[in-house]
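Please read the structure below before turning to the comments.
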Amino acid sequence: MSRFIDSYNRQINYMRISITDRCNLRCVYCMPSDGVKTVNNKEILTLEEIIRIAKIATDLGVRKIRITGGEPLIRKNIVYLISSLSKLPYVEDLSLTTNGLLLKQYAHSLALAGLKRVNISLDSLDAEKYKSITRGGDIKEVIEGIKEAERWGLTPIKINVVPVRGFNDSEIENFAYLSILAPYQIRFIEFMPIGDKEFWNEKRYITTNEIKERLLSIAPLIPVTTEKSGPANYFKFKDAKGLIGFISPISNHFCFSCNRLRLTADGKIRPCLFSKTEIDLKSPLRHGASDEEIKRLLRLSVEIKPLRHEINEEDSLCYLNKSISQIGG
Ligand code: SAM
Ligand code: SF4
C-alpha cells in the first residue's frame, strides 16, 4: 500500500462520498425553496462506479468512508451499496449522514449491511419550527428514525445542529439538555457561507464561542477526548449521558489536520469543501481508465489539496455559490 500524503504532510485516510445531489427536504440554510439545479441522472455515478472508486481509494490508504448527499437514503439500492463498501478489505469505519426522515425504514437493513453509525441533522426540537426550517419535514419521522438507529446499534448517534440566529438559536440550551438525558453527541456546526445566497447573512452566523458561553451559564463543560472526534471538540455536562461537540469551520478551522477528500455524486474529486478545482474521475472511468490511471488522478487530487480554505481571509466571509447538497455534506 502506498502512503496517501498531501503536500503539507497530511495523511489522507477519509473519503466523503456523495451518492445523490437530490433531497427530500429544502432546509432554509442549505437551498432555496425551489431547490437547486441537480445534474442529469446519467451524470450521477452508478453504484458500481462508486464501489470501484472507493476500492481504489482504499488501496491508496483511505480507511474511513462517510456516505452523504443530498439525502443519501433516497438513493435506490442504498443497502446494496453499504453492503458492498463494508466488504472492502481496508474499510475500518463506514458511516452515513442523513436528515433521518427515512431512517426508520432503513436502520435495520443498513446495520445488517455493515453500516457502523449515523449522523442525523436535526435543527429544531419543536415540530412546527422543524417543519418551517426544513420546509415541510415531519419531526416525528426523524425521532422514530433516531430510535430505530439506536435500536440496531448505529451508535454513537451524532446529531448535527446548525444554529442560525433568528431561526433556531433559542433552542441551543434545549439541545444541550438533550445531551444530559440521552446518549447522543449533539454537535453544533457553525453556519457556513454556502447554500442559498438569499438566506446567507453574516448576522445569522453564530460562533462556537457564543454558543459555549451560553452553555457555560448552565453548568461547567468538561472537555472529553473521543476516539473518533474528527473536527469536533467534545465536552460534557457532569453526569450527562451524552456529549456536546463544536465544529467550527470558520472561527477555528481545522484545515491543518484535514484528512479528507470528497467525491461528488457526479464523479468529481474535491480536495476541499471550498475548492475551486475538481478532478473528474467519471469521464476517465467511463472511457476505460485502468485502476492505475484512477490512482494517479486520486494522487493528483491529494497533491493539489490546499493547505486551508480561505472563506474567512477577507473582512467579511467569502460566499461559495453552491449548496452543500450539490457537493456532498
Ligand atoms: N441530507 C443529509 C443531512 O441533512 O444530514 C446529508 C447532506 S447535508 C448537505 C450535510 C450537512 O450539511 C447537514 O448536517 C447540514 O446541516 C449541513 N449544512 C448544509 N448547509 C450548511 C451550511 N450553510 N452551513 C453549515 N452546515 C450546513
Ligand atoms: Fe437536504 Fe441535508 Fe440540505 Fe437539508 S441539509 S436540504 S436535508 S441536503
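Residues in the C-alpha cells are numbered from 1 in each chain, the chains being A, B, ... in the order shown, and ligands are numbered from 1 in the order shown.
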Contacts of region 65-75 of chain A within 7 Å, only C-alpha atoms, excl. fewer than 3 positions in-chain, as a PyMOL selection string:
chain A and resi 14-24+78+93-99+102+325-326+328-329
Using C-alpha atoms, can you export the residues from the last selection as an mmCIF file, in the first residue's frame?
data_model
loop_
_atom_site.group_PDB
_atom_site.id
_atom_site.type_symbol
_atom_site.label_atom_id
_atom_site.label_comp_id
_atom_site.auth_asym_id
_atom_site.auth_seq_id
_atom_site.Cartn_x
_atom_site.Cartn_y
_atom_site.Cartn_z
ATOM 1 C CA TYR A 14 -11.057 9.637 4.881
ATOM 2 C CA MET A 15 -13.391 9.935 1.906
ATOM 3 C CA ARG A 16 -16.824 11.524 1.910
ATOM 4 C CA ILE A 17 -18.874 10.099 -0.878
ATOM 5 C CA SER A 18 -21.958 11.904 -2.087
ATOM 6 C CA ILE A 19 -24.318 9.455 -3.741
ATOM 7 C CA THR A 20 -27.008 11.907 -4.830
ATOM 8 C CA ASP A 21 -27.404 15.658 -5.191
ATOM 9 C CA ARG A 22 -31.173 15.381 -4.613
ATOM 10 C CA CYS A 23 -33.043 15.753 -1.375
ATOM 11 C CA ASN A 24 -36.487 15.184 0.102
ATOM 12 C CA ILE A 78 -28.505 2.103 -0.777
ATOM 13 C CA ASP A 93 -15.242 2.913 9.523
ATOM 14 C CA LEU A 94 -18.358 3.263 7.401
ATOM 15 C CA SER A 95 -20.895 5.909 8.351
ATOM 16 C CA LEU A 96 -23.678 7.956 6.821
ATOM 17 C CA THR A 97 -25.090 11.464 7.223
ATOM 18 C CA THR A 98 -28.849 11.756 6.826
ATOM 19 C CA ASN A 99 -31.772 14.014 7.602
ATOM 20 C CA LEU A 102 -36.207 7.517 6.047
ATOM 21 C CA SER A 325 -26.131 19.222 -1.146
ATOM 22 C CA GLN A 326 -24.516 19.674 -4.587
ATOM 23 C CA GLY A 328 -21.759 16.382 -0.521
ATOM 24 C CA GLY A 329 -22.118 17.384 3.112
#
_Neighbouring residues of Thr264 (chain A) were defined as those with any atom within 6 Å, considering only C-alpha atoms; residues of the same chain fewer than 2 positions away were excluded. Please report them as a PyMOL selection string._
chain A and resi 18+266-268+327
Those same residues - C-alpha atoms - I'd like them written as a PDB file, in the first residue's frame.
ATOM      1  CA  SER A  18     -21.958  11.904  -2.087  1.00  0.00           C
ATOM      2  CA  ASP A 266     -21.291  13.210 -10.491  1.00  0.00           C
ATOM      3  CA  GLY A 267     -17.865  11.720 -10.010  1.00  0.00           C
ATOM      4  CA  LYS A 268     -15.534  14.617  -9.224  1.00  0.00           C
ATOM      5  CA  ILE A 327     -21.047  18.858  -3.278  1.00  0.00           C
TER       6      ILE A 327
END
* Which is closest to ligand 2 among A:Asn77, A:Ser7, A:Ser86, A:Asn119, if we use only C-alpha atoms and all ligand atoms? ->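 Smallest separation from ligand 2 among the options: A:Asn119.
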Fewer than 5 positions away in the same chain doesn't count, so skip those; otherwise give me all residues within 12 Å of Leu298 (chain A), counting only C-alpha atoms, as a compact mmCIF listing (two decimals) with N, CA and C atoms, in the first residue's frame.
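result_24.txt was written with the following content:
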# COMPACT_ATOMS: atom_id res chain seq x y z
N PHE A 4 -0.65 7.82 1.35
CA PHE A 4 -1.52 8.80 0.71
C PHE A 4 -1.37 10.10 1.50
N ILE A 5 -0.33 10.86 1.14
CA ILE A 5 0.01 12.03 1.95
C ILE A 5 0.05 13.26 1.05
N ASP A 6 -0.53 14.37 1.52
CA ASP A 6 -0.60 15.54 0.66
C ASP A 6 0.67 16.39 0.77
N ILE A 12 -4.04 11.33 4.19
CA ILE A 12 -5.45 11.34 3.73
C ILE A 12 -6.01 9.92 3.90
N MET A 15 -12.71 9.46 3.10
CA MET A 15 -13.39 9.93 1.91
C MET A 15 -14.88 10.11 2.18
N ILE A 53 -14.39 3.21 -7.30
CA ILE A 53 -13.54 4.33 -6.84
C ILE A 53 -13.18 4.12 -5.37
N ALA A 54 -14.17 3.70 -4.59
CA ALA A 54 -13.89 3.50 -3.15
C ALA A 54 -12.81 2.43 -2.97
N LYS A 55 -12.91 1.37 -3.74
CA LYS A 55 -11.93 0.28 -3.64
C LYS A 55 -10.52 0.80 -3.96
N ILE A 56 -10.44 1.58 -5.04
CA ILE A 56 -9.12 2.11 -5.45
C ILE A 56 -8.60 3.06 -4.36
N ALA A 57 -9.52 3.89 -3.81
CA ALA A 57 -9.09 4.83 -2.76
C ALA A 57 -8.61 4.08 -1.52
N THR A 58 -9.26 2.97 -1.21
CA THR A 58 -8.80 2.23 -0.03
C THR A 58 -7.46 1.55 -0.31
N ASP A 59 -7.23 1.17 -1.56
CA ASP A 59 -5.90 0.62 -1.89
C ASP A 59 -4.82 1.67 -1.65
N LEU A 60 -5.20 2.95 -1.82
CA LEU A 60 -4.22 4.02 -1.63
C LEU A 60 -4.04 4.42 -0.17
N GLY A 61 -5.02 4.12 0.65
CA GLY A 61 -4.86 4.49 2.07
C GLY A 61 -6.12 4.99 2.76
N VAL A 62 -7.24 5.13 2.03
CA VAL A 62 -8.48 5.57 2.69
C VAL A 62 -8.99 4.44 3.59
N ARG A 260 -9.30 14.53 4.65
CA ARG A 260 -10.35 14.02 3.77
C ARG A 260 -10.32 14.50 2.33
N LEU A 261 -10.96 13.69 1.50
CA LEU A 261 -11.27 14.05 0.12
C LEU A 261 -12.77 13.89 -0.03
N ARG A 262 -13.34 14.60 -0.98
CA ARG A 262 -14.77 14.43 -1.24
C ARG A 262 -14.98 13.95 -2.67
N LEU A 263 -15.89 13.02 -2.81
CA LEU A 263 -16.29 12.56 -4.15
C LEU A 263 -17.72 13.04 -4.37
N GLY A 267 -19.16 12.34 -9.75
CA GLY A 267 -17.87 11.72 -10.01
C GLY A 267 -16.66 12.63 -10.02
N LYS A 268 -16.71 13.73 -9.28
CA LYS A 268 -15.53 14.62 -9.22
C LYS A 268 -14.92 14.58 -7.84
N ILE A 269 -13.61 14.61 -7.81
CA ILE A 269 -12.95 14.69 -6.51
C ILE A 269 -12.75 16.16 -6.18
N ARG A 270 -13.22 16.53 -4.99
CA ARG A 270 -13.00 17.88 -4.46
C ARG A 270 -12.01 17.77 -3.33
N PRO A 271 -10.84 18.30 -3.48
CA PRO A 271 -9.84 18.16 -2.41
C PRO A 271 -10.27 18.87 -1.13
N GLU A 278 -11.80 20.82 -9.21
CA GLU A 278 -12.27 19.45 -9.02
C GLU A 278 -11.56 18.58 -10.04
N ILE A 279 -11.37 17.32 -9.69
CA ILE A 279 -10.75 16.41 -10.65
C ILE A 279 -11.79 15.36 -11.05
N ASP A 280 -12.03 15.33 -12.34
CA ASP A 280 -13.09 14.45 -12.85
C ASP A 280 -12.60 12.99 -12.92
N LEU A 281 -13.31 12.11 -12.25
CA LEU A 281 -12.98 10.68 -12.35
C LEU A 281 -13.97 9.97 -13.27
N PRO A 284 -12.86 9.59 -17.22
CA PRO A 284 -11.86 8.53 -17.41
C PRO A 284 -12.44 7.14 -17.12
N ASP A 291 -7.34 0.90 -13.23
CA ASP A 291 -7.24 1.27 -11.81
C ASP A 291 -6.01 2.14 -11.56
N GLU A 292 -4.94 1.81 -12.27
CA GLU A 292 -3.68 2.57 -12.08
C GLU A 292 -3.88 4.03 -12.49
N GLU A 293 -4.63 4.24 -13.58
CA GLU A 293 -4.87 5.63 -14.03
C GLU A 293 -5.75 6.38 -13.01
N GLU A 303 -2.38 15.75 -4.10
CA GLU A 303 -1.24 16.67 -4.26
C GLU A 303 -1.70 18.14 -4.31
N ILE A 304 -2.88 18.39 -4.91
CA ILE A 304 -3.32 19.79 -5.05
C ILE A 304 -4.24 20.21 -3.91
N LYS A 305 -4.38 19.37 -2.90
CA LYS A 305 -5.26 19.73 -1.77
C LYS A 305 -4.69 21.01 -1.12
Closest pair table for region 255-328 of chain A residues within 12 Å of region 218-242 of chain A, only C-alpha atoms, as a tab-separated table:
residue	atom	partner	partner_atom	distance
A:Cys255	CA	A:Pro231	CA	8.9
A:Phe256	CA	A:Pro231	CA	10.5
A:Ser257	CA	A:Pro231	CA	8.3
A:Cys258	CA	A:Pro231	CA	8.0
A:Asn259	CA	A:Gly230	CA	8.9
A:Arg260	CA	A:Gly230	CA	10.3
